[in-house]
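What follows is one structure encoded as structure tokens, with my remarks underneath.
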Amino acid sequence: MHELGVVFHIMDTLESVAEENKAEGISKVVLELGEVSTVIESYLQSCWKWAAKKRELFTDASLVVEMLPAVTYCEGCGQTYPTVEHGKICPYCKSPDTWLLQGNEFNIKEIEVY
Amino acid sequence: MKKEVRVLEIKQSVFADNDRQAEFLRQELKEKGVFLLNLMSSPGSGKTTTLMRTIEMLKDRFKIGVMEADIDSDVDARTISESGAKVIQLHTGGMCHLDAEMTRQGLAGLETGDVELAVLENVGNLVCPAEFDTGASRNAMILSVPEGHDKPLKYPLMFSICDVVLINKIDVLPYFDFDMDKCREYIHMRNPKAKVIPICARTGEGMEEWADWLAEEAADWRRQKEK
């Protein structure tokens with residue numbers, strides 16, 4: 001459900017981008033998706049396929065999703081580590097005083113238009 | 001002839017548009033002196049019951065308007081209308097959350113002219129509503145005891161954006177393995193500034209503290225209009 005909502009949202013945004021740039025259609029959309037964002041790539045792809053058929057501008061558009069790995073920074077020892085593997089606690093110094101450096105992104109990177 | 005393909009670099013968050021609209025709406029509401037509370041929770045945590053009692057407690061101090069957002073039905077709106085507050089039902093058409101633009105339309109439907117305290121009862125869901133800023137003055141969420149004290153770990157974003165977390169249904173605490181201290185700890189891990197208020201909307205326990213908090217925040221917000 002969430003993925004369908006964000007797909008509509010992306011398409012709305014891109015429709016105005018295409019209009020501003022006087023594009024006839026979109027052939028490719030590249031998104032950047034953080035490893036610990038709340039969006040699941042496979043759901044995103046199927047929602048995209050479903051929604052693209054219903055919107056003229058997107059009927060020929062392929063969706064490319066580039067994943068960004070999640071990285072956490074530790075205030076305790078100043079090191080970074082992979083978030084998914086170790087979670088909230090720093091594997092080096094065991095400090096819980098950590099925050100996400102990268103990994104919850106959800107960006108529209110670029111599009112190909114004609 | 002082969003069509004010429006151009007690459008347009010966009011590099012913006014999917015949520016950037018909505019964030020802008022939300023900020024705009026927030027400023028507008030501030031100028032009008034309307035305080036908007038975005039109330040979120042999972043389904044069945046007691047949003048409507050909590051809201052009914054809150055309206056009862058604050059209706060003499062503020063003109064209250066409520067927007068009920070649901071995928072379908074108007075059962076909540078009908079319940080709330082019994083409280084005497086102005087109410088409008090919003091249907092999200094299958095969507096799992098409200099965004100700033102839908103909130104703006106809802107407020108227009110509510111005819112905020114004389115409303116001082118508006119409440120948006122968001123769709124019951126701990127994931128998507130956290131990602132879409134509605135333009136609200138403050139975000140509140142309800143976590144009910146039967147859901148368990150580990151929810152802040154499972155839905156970190158929701159807890160990190162809330163100004164206040166109400167822990168509802170504390171009357172059933174003896175029947176659940178709900179650890180209140182752990183729950184506070186987990187919430188503060190995600191959001192050190194969040195205020196945590198244990199309540200029971202059914203019996204009224206803790207509701208005074210919550211109503212006071214809300215009244216104070218709303219009054220503060222409305223004072224900024226005069227500045």
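Chain labels A, B, ... are given in the sequence in which chains occur in the structure tokens; within each chain residues are numbered consecutively from 1, and ligands are likewise numbered from 1 in the order shown.
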
| request: Any chance you could list, as a ChimeraX atom specification, the residues in chain B that come up strand (DSSP E or B) when DSSP is run on the backbone? | output: /B:6-13,35-41,64-70,86-91,117-121,138-144,164-168,195-198

Using N, CA and C atoms, can you write the selected residues to a file as a compact mmCIF listing (two decimals), in the first residue's frame?
# COMPACT_ATOMS: atom_id res chain seq x y z
N ARG B 6 17.17 12.80 -23.58
CA ARG B 6 17.90 13.69 -22.68
C ARG B 6 17.84 13.12 -21.27
N VAL B 7 18.91 13.36 -20.53
CA VAL B 7 18.90 12.95 -19.13
C VAL B 7 18.69 14.20 -18.27
N LEU B 8 17.68 14.16 -17.41
CA LEU B 8 17.46 15.28 -16.50
C LEU B 8 17.88 14.85 -15.10
N GLU B 9 18.83 15.57 -14.55
CA GLU B 9 19.25 15.27 -13.19
C GLU B 9 18.27 15.89 -12.22
N ILE B 10 17.76 15.13 -11.32
CA ILE B 10 16.75 15.68 -10.40
C ILE B 10 17.28 15.75 -8.98
N LYS B 11 17.85 14.67 -8.51
CA LYS B 11 18.50 14.65 -7.19
C LYS B 11 17.66 15.31 -6.11
N GLN B 12 16.45 14.87 -5.95
CA GLN B 12 15.68 15.39 -4.81
C GLN B 12 14.95 14.25 -4.13
N SER B 13 14.70 14.45 -2.86
CA SER B 13 14.00 13.42 -2.12
C SER B 13 12.59 13.29 -2.68
N PHE B 35 -4.26 26.00 15.32
CA PHE B 35 -3.32 24.96 15.76
C PHE B 35 -3.80 23.64 15.17
N LEU B 36 -2.90 22.94 14.50
CA LEU B 36 -3.29 21.65 13.90
C LEU B 36 -2.50 20.51 14.55
N LEU B 37 -3.22 19.58 15.13
CA LEU B 37 -2.60 18.40 15.72
C LEU B 37 -2.77 17.22 14.78
N ASN B 38 -1.67 16.56 14.46
CA ASN B 38 -1.72 15.34 13.65
C ASN B 38 -1.65 14.16 14.59
N LEU B 39 -2.74 13.41 14.68
CA LEU B 39 -2.83 12.30 15.63
C LEU B 39 -2.68 10.98 14.88
N MET B 40 -1.66 10.22 15.25
CA MET B 40 -1.36 8.98 14.54
C MET B 40 -1.33 7.79 15.50
N SER B 41 -1.50 6.61 14.94
CA SER B 41 -1.39 5.39 15.75
C SER B 41 -1.68 4.21 14.85
N ILE B 64 -13.19 23.60 18.35
CA ILE B 64 -12.47 22.43 17.86
C ILE B 64 -13.07 21.90 16.56
N GLY B 65 -12.20 21.55 15.64
CA GLY B 65 -12.63 20.91 14.39
C GLY B 65 -11.83 19.63 14.19
N VAL B 66 -12.47 18.59 13.69
CA VAL B 66 -11.79 17.30 13.53
C VAL B 66 -11.89 16.82 12.08
N MET B 67 -10.75 16.35 11.57
CA MET B 67 -10.75 15.69 10.26
C MET B 67 -10.47 14.22 10.48
N GLU B 68 -11.40 13.39 10.04
CA GLU B 68 -11.25 11.95 10.21
C GLU B 68 -10.77 11.36 8.90
N ALA B 69 -9.55 10.87 8.87
CA ALA B 69 -9.03 10.29 7.63
C ALA B 69 -9.12 8.77 7.70
N ASP B 70 -9.80 8.19 6.75
CA ASP B 70 -9.89 6.73 6.67
C ASP B 70 -9.89 6.33 5.22
N LYS B 86 -16.98 20.23 15.31
CA LYS B 86 -17.14 20.25 13.86
C LYS B 86 -16.33 19.08 13.30
N VAL B 87 -16.89 18.32 12.40
CA VAL B 87 -16.14 17.16 11.91
C VAL B 87 -16.35 16.96 10.42
N ILE B 88 -15.29 16.49 9.78
CA ILE B 88 -15.38 16.17 8.35
C ILE B 88 -14.68 14.84 8.13
N GLN B 89 -15.27 14.01 7.28
CA GLN B 89 -14.64 12.73 6.97
C GLN B 89 -13.85 12.84 5.68
N LEU B 90 -12.60 12.44 5.71
CA LEU B 90 -11.79 12.43 4.50
C LEU B 90 -11.57 10.99 4.08
N HIS B 91 -11.76 10.72 2.82
CA HIS B 91 -11.45 9.38 2.32
C HIS B 91 -10.18 9.46 1.50
N LEU B 117 -8.59 25.00 17.20
CA LEU B 117 -7.83 23.77 17.42
C LEU B 117 -8.36 22.71 16.45
N ALA B 118 -7.55 22.38 15.45
CA ALA B 118 -7.96 21.37 14.48
C ALA B 118 -7.19 20.09 14.74
N VAL B 119 -7.88 18.97 14.65
CA VAL B 119 -7.21 17.68 14.85
C VAL B 119 -7.38 16.84 13.59
N LEU B 120 -6.27 16.31 13.13
CA LEU B 120 -6.32 15.39 12.01
C LEU B 120 -6.13 13.99 12.56
N GLU B 121 -7.18 13.18 12.50
CA GLU B 121 -7.02 11.79 12.91
C GLU B 121 -6.55 11.04 11.68
N ARG B 138 1.85 20.23 15.62
CA ARG B 138 2.47 19.21 16.47
C ARG B 138 2.01 17.83 16.03
N ASN B 139 2.91 16.84 16.23
CA ASN B 139 2.57 15.45 15.95
C ASN B 139 2.40 14.68 17.25
N ALA B 140 1.32 13.93 17.32
CA ALA B 140 1.11 13.09 18.50
C ALA B 140 0.84 11.67 18.03
N MET B 141 1.24 10.70 18.84
CA MET B 141 0.85 9.33 18.50
C MET B 141 0.39 8.60 19.74
N ILE B 142 -0.43 7.60 19.52
CA ILE B 142 -0.92 6.77 20.61
C ILE B 142 -0.37 5.36 20.43
N LEU B 143 0.22 4.86 21.49
CA LEU B 143 0.65 3.46 21.52
C LEU B 143 -0.17 2.82 22.63
N SER B 144 -0.91 1.75 22.31
CA SER B 144 -1.72 1.15 23.37
C SER B 144 -1.00 -0.06 23.96
N VAL B 164 4.75 14.17 21.17
CA VAL B 164 4.19 13.53 22.36
C VAL B 164 3.72 12.12 22.02
N VAL B 165 3.97 11.19 22.93
CA VAL B 165 3.50 9.81 22.78
C VAL B 165 2.56 9.50 23.94
N LEU B 166 1.32 9.15 23.61
CA LEU B 166 0.37 8.75 24.65
C LEU B 166 0.38 7.24 24.74
N ILE B 167 0.54 6.73 25.95
CA ILE B 167 0.47 5.27 26.11
C ILE B 167 -0.90 4.96 26.68
N ASN B 168 -1.76 4.44 25.81
CA ASN B 168 -3.18 4.30 26.14
C ASN B 168 -3.50 2.90 26.68
N LYS B 195 7.64 13.78 24.69
CA LYS B 195 6.97 13.71 25.98
C LYS B 195 6.14 12.43 26.01
N VAL B 196 6.22 11.70 27.08
CA VAL B 196 5.47 10.44 27.18
C VAL B 196 4.42 10.58 28.28
N ILE B 197 3.16 10.34 27.92
CA ILE B 197 2.08 10.46 28.90
C ILE B 197 1.24 9.18 28.91
N PRO B 198 1.29 8.39 30.00
CA PRO B 198 0.43 7.21 30.10
C PRO B 198 -1.01 7.65 30.38

| task | Would you kindly report the residues of chain B within 12 Å of chain A, using only C-alpha atoms, as a PyMOL selection string? | result | chain B and resi 2-18+71+92-101+123+125-132+153-158+186+188-192

| request: Excluding A:Gln102 and residues on its chain fewer than 3 positions from it, collect all residues at most 10 Å away from it, counting only C-alpha atoms, and give them as a PyMOL selection string. | output: chain A and resi 34-37+68-73+82-83+99+105

How about saving the chosen residues, C-alpha atoms kept, as an mmCIF file, in the first residue's frame?
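Written out: again_6.cif:
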data_model
loop_
_atom_site.group_PDB
_atom_site.id
_atom_site.type_symbol
_atom_site.label_atom_id
_atom_site.label_comp_id
_atom_site.auth_asym_id
_atom_site.auth_seq_id
_atom_site.Cartn_x
_atom_site.Cartn_y
_atom_site.Cartn_z
ATOM 1 C CA GLY A 34 18.338 3.528 1.235
ATOM 2 C CA GLU A 35 18.713 0.036 2.640
ATOM 3 C CA VAL A 36 16.716 0.941 5.770
ATOM 4 C CA SER A 37 14.133 3.222 4.211
ATOM 5 C CA LEU A 68 22.318 2.816 -0.923
ATOM 6 C CA PRO A 69 23.801 0.777 1.928
ATOM 7 C CA ALA A 70 22.901 1.781 5.488
ATOM 8 C CA VAL A 71 25.821 3.104 7.532
ATOM 9 C CA THR A 72 25.740 4.083 11.211
ATOM 10 C CA TYR A 73 28.117 6.503 12.925
ATOM 11 C CA PRO A 82 27.004 -1.424 8.557
ATOM 12 C CA THR A 83 23.618 -0.755 10.190
ATOM 13 C CA TRP A 99 23.034 7.553 14.577
ATOM 14 C CA GLU A 105 17.157 8.011 1.595
#

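Distance-wise, atom CA of B:Ala108 and atom CA of B:Lys63 end up 15.8 Å apart.
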
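Atom CA of B:Asp133 to atom CA of A:Glu66 spans 24.9 Å [interatomic distance, one decimal].
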
Assign secondary structure with DSSP using the backbone only, and return the residues of stretch 36-175 of chain B in helix (DSSP H, G or I) as a short mmCIF file (atom, residue, chain, number, x, y, z; two decimals) with N, CA and C atoms, in the first residue's frame.
data_model
loop_
_atom_site.label_atom_id
_atom_site.label_comp_id
_atom_site.auth_asym_id
_atom_site.auth_seq_id
_atom_site.Cartn_x
_atom_site.Cartn_y
_atom_site.Cartn_z
N LYS B 47 -7.65 5.92 19.15
CA LYS B 47 -7.59 7.33 18.70
C LYS B 47 -8.93 8.04 18.89
N THR B 48 -9.99 7.39 18.43
CA THR B 48 -11.30 8.05 18.45
C THR B 48 -11.80 8.25 19.89
N THR B 49 -11.62 7.23 20.73
CA THR B 49 -12.04 7.35 22.12
C THR B 49 -11.25 8.44 22.83
N THR B 50 -9.93 8.47 22.58
CA THR B 50 -9.09 9.49 23.20
C THR B 50 -9.53 10.88 22.74
N LEU B 51 -9.83 10.97 21.47
CA LEU B 51 -10.24 12.25 20.89
C LEU B 51 -11.56 12.72 21.48
N MET B 52 -12.51 11.80 21.63
CA MET B 52 -13.82 12.13 22.20
C MET B 52 -13.66 12.76 23.58
N ARG B 53 -12.83 12.13 24.39
CA ARG B 53 -12.65 12.63 25.75
C ARG B 53 -11.88 13.95 25.75
N THR B 54 -10.91 14.07 24.85
CA THR B 54 -10.13 15.30 24.76
C THR B 54 -11.03 16.48 24.38
N ILE B 55 -11.93 16.23 23.42
CA ILE B 55 -12.86 17.29 22.99
C ILE B 55 -13.74 17.70 24.18
N GLU B 56 -14.23 16.70 24.89
CA GLU B 56 -15.05 16.94 26.08
C GLU B 56 -14.33 17.89 27.05
N MET B 57 -13.04 17.63 27.23
CA MET B 57 -12.25 18.40 28.22
C MET B 57 -11.88 19.80 27.73
N LEU B 58 -11.76 19.98 26.43
CA LEU B 58 -11.24 21.25 25.92
C LEU B 58 -12.25 22.10 25.16
N VAL B 75 -17.73 5.85 10.09
CA VAL B 75 -18.12 5.51 11.47
C VAL B 75 -17.45 6.44 12.48
N ASP B 76 -16.17 6.76 12.28
CA ASP B 76 -15.47 7.61 13.24
C ASP B 76 -16.03 9.03 13.21
N ALA B 77 -16.31 9.52 12.03
CA ALA B 77 -16.84 10.88 11.92
C ALA B 77 -18.18 10.98 12.62
N ARG B 78 -18.98 9.94 12.49
CA ARG B 78 -20.29 9.97 13.15
C ARG B 78 -20.14 9.95 14.66
N THR B 79 -19.18 9.14 15.15
CA THR B 79 -18.94 9.10 16.59
C THR B 79 -18.52 10.48 17.07
N ILE B 80 -17.54 11.06 16.39
CA ILE B 80 -17.00 12.36 16.83
C ILE B 80 -18.07 13.45 16.78
N SER B 81 -18.98 13.36 15.80
CA SER B 81 -19.99 14.42 15.67
C SER B 81 -20.88 14.48 16.92
N ALA B 100 0.30 16.68 2.73
CA ALA B 100 0.01 18.07 3.04
C ALA B 100 -1.13 18.62 2.18
N GLU B 101 -1.16 18.22 0.92
CA GLU B 101 -2.19 18.74 0.02
C GLU B 101 -3.58 18.23 0.43
N MET B 102 -3.65 16.94 0.80
CA MET B 102 -4.94 16.39 1.25
C MET B 102 -5.39 17.08 2.54
N THR B 103 -4.40 17.38 3.41
CA THR B 103 -4.73 18.04 4.67
C THR B 103 -5.28 19.44 4.38
N ARG B 104 -4.66 20.11 3.43
CA ARG B 104 -5.14 21.45 3.06
C ARG B 104 -6.59 21.38 2.57
N GLN B 105 -6.88 20.39 1.73
CA GLN B 105 -8.26 20.25 1.23
C GLN B 105 -9.22 19.95 2.38
N GLY B 106 -8.76 19.13 3.30
CA GLY B 106 -9.58 18.79 4.46
C GLY B 106 -9.90 20.02 5.29
N LEU B 107 -8.88 20.84 5.52
CA LEU B 107 -9.07 22.06 6.30
C LEU B 107 -10.04 23.01 5.60
N ALA B 108 -9.94 23.05 4.28
CA ALA B 108 -10.85 23.90 3.51
C ALA B 108 -12.28 23.39 3.68
N GLY B 109 -12.44 22.07 3.66
CA GLY B 109 -13.76 21.47 3.84
C GLY B 109 -14.31 21.71 5.23
N LEU B 110 -13.42 21.83 6.17
CA LEU B 110 -13.81 22.05 7.57
C LEU B 110 -14.20 23.51 7.77
N THR B 112 -12.18 26.36 8.22
CA THR B 112 -11.45 26.66 9.45
C THR B 112 -11.68 28.07 9.98
N GLY B 113 -12.45 28.88 9.28
CA GLY B 113 -12.72 30.26 9.70
C GLY B 113 -12.73 30.49 11.20
N ASP B 114 -13.52 29.69 11.91
CA ASP B 114 -13.61 29.94 13.35
C ASP B 114 -12.99 28.82 14.18
N CYS B 128 3.55 4.75 7.01
CA CYS B 128 3.50 5.82 6.01
C CYS B 128 3.20 7.21 6.58
N PRO B 129 2.26 7.33 7.53
CA PRO B 129 1.99 8.69 8.01
C PRO B 129 3.24 9.38 8.55
N ALA B 130 4.20 8.58 9.01
CA ALA B 130 5.42 9.18 9.56
C ALA B 130 6.27 9.83 8.48
N VAL B 145 -1.29 -0.31 25.22
CA VAL B 145 -0.59 -1.35 25.97
C VAL B 145 -0.59 -2.72 25.25
N PRO B 146 -1.73 -3.17 24.71
CA PRO B 146 -1.70 -4.50 24.06
C PRO B 146 -0.74 -4.62 22.88
N GLU B 147 -0.33 -3.47 22.30
CA GLU B 147 0.58 -3.53 21.16
C GLU B 147 2.00 -3.91 21.57
N LYS B 151 7.38 -1.49 20.33
CA LYS B 151 7.01 -0.81 19.08
C LYS B 151 7.98 0.31 18.68
N PRO B 152 8.53 1.08 19.65
CA PRO B 152 9.48 2.12 19.22
C PRO B 152 10.69 1.56 18.49
N LEU B 153 11.02 0.30 18.76
CA LEU B 153 12.16 -0.32 18.06
C LEU B 153 11.76 -0.72 16.65
N LYS B 154 10.48 -1.11 16.52
CA LYS B 154 10.04 -1.62 15.22
C LYS B 154 9.64 -0.51 14.25
N PRO B 156 10.79 2.98 14.18
CA PRO B 156 11.58 4.10 14.70
C PRO B 156 11.19 5.46 14.14
N LEU B 157 10.86 5.53 12.86
CA LEU B 157 10.59 6.84 12.27
C LEU B 157 9.38 7.50 12.93
N MET B 158 8.33 6.72 13.12
CA MET B 158 7.12 7.26 13.75
C MET B 158 7.44 7.89 15.10
N PHE B 159 8.21 7.17 15.92
CA PHE B 159 8.51 7.69 17.24
C PHE B 159 9.46 8.89 17.18
N SER B 160 10.28 8.94 16.13
CA SER B 160 11.26 10.03 16.08
C SER B 160 10.62 11.35 15.64
N ILE B 170 -3.90 1.96 29.86
CA ILE B 170 -3.08 1.51 31.00
C ILE B 170 -3.90 0.76 32.03
N ASP B 171 -5.24 0.78 31.87
CA ASP B 171 -6.07 0.00 32.81
C ASP B 171 -5.87 -1.50 32.63
N VAL B 172 -5.37 -1.92 31.45
CA VAL B 172 -5.17 -3.37 31.23
C VAL B 172 -3.71 -3.80 31.48
N LEU B 173 -2.91 -2.89 32.00
CA LEU B 173 -1.48 -3.22 32.27
C LEU B 173 -1.28 -4.54 33.03
N PRO B 174 -2.12 -4.84 34.04
CA PRO B 174 -1.89 -6.09 34.78
C PRO B 174 -2.01 -7.36 33.93
N TYR B 175 -2.66 -7.25 32.77
CA TYR B 175 -2.89 -8.45 31.96
C TYR B 175 -1.89 -8.63 30.82
#

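Counting only C-alpha atoms, the residue from B:Met180, B:Asp60, B:Pro43, B:Asp150 that sits nearest to B:Asn122 is B:Pro43.
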
| query | If we count only C-alpha atoms, what is near B:His149 at a cut-off of 7 Å, once residues fewer than 5 positions away on the same chain are taken out, given as an NGL selection string? | reply | :B and (178-180 or 182-183)

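With only C-alpha atoms taken into account, the protein and nucleic acid residues at most 12 Å from B:Glu28 (excluding it and anything under 2 positions from it in its own chain) are Gln21, Ala22, Glu23, Phe24, Leu25, Arg26, Lys30, Glu31, Lys32, Gly33, Val34, Phe35, Leu36, Arg104, Leu107, Thr112, Gly135, Ala136, Ser137 and Lys225 of chain B.
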
Produce a file of the selected residues containing C-alpha atoms, as a PDB file, in the first residue's frame.
ATOM      1  CA  GLN B  21       3.823  22.148   0.838  1.00  0.00           C
ATOM      2  CA  ALA B  22       3.665  21.120   4.483  1.00  0.00           C
ATOM      3  CA  GLU B  23       5.939  23.962   5.584  1.00  0.00           C
ATOM      4  CA  PHE B  24       3.838  26.404   3.597  1.00  0.00           C
ATOM      5  CA  LEU B  25       0.628  25.138   5.189  1.00  0.00           C
ATOM      6  CA  ARG B  26       2.159  25.338   8.671  1.00  0.00           C
ATOM      7  CA  LYS B  30       0.233  30.106  12.153  1.00  0.00           C
ATOM      8  CA  GLU B  31      -0.836  33.357  10.539  1.00  0.00           C
ATOM      9  CA  LYS B  32      -4.480  32.361  10.866  1.00  0.00           C
ATOM     10  CA  GLY B  33      -4.049  31.280  14.464  1.00  0.00           C
ATOM     11  CA  VAL B  34      -5.119  27.694  13.812  1.00  0.00           C
ATOM     12  CA  PHE B  35      -3.321  24.963  15.757  1.00  0.00           C
ATOM     13  CA  LEU B  36      -3.286  21.649  13.904  1.00  0.00           C
ATOM     14  CA  ARG B 104      -5.136  21.446   3.060  1.00  0.00           C
ATOM     15  CA  LEU B 107      -9.066  22.064   6.301  1.00  0.00           C
ATOM     16  CA  THR B 112     -11.451  26.665   9.447  1.00  0.00           C
ATOM     17  CA  GLY B 135       1.821  20.573   7.882  1.00  0.00           C
ATOM     18  CA  ALA B 136       0.640  20.041  11.450  1.00  0.00           C
ATOM     19  CA  SER B 137       1.775  22.271  14.315  1.00  0.00           C
ATOM     20  CA  LYS B 225      -0.029  34.896  15.519  1.00  0.00           C
TER      21      LYS B 225
END
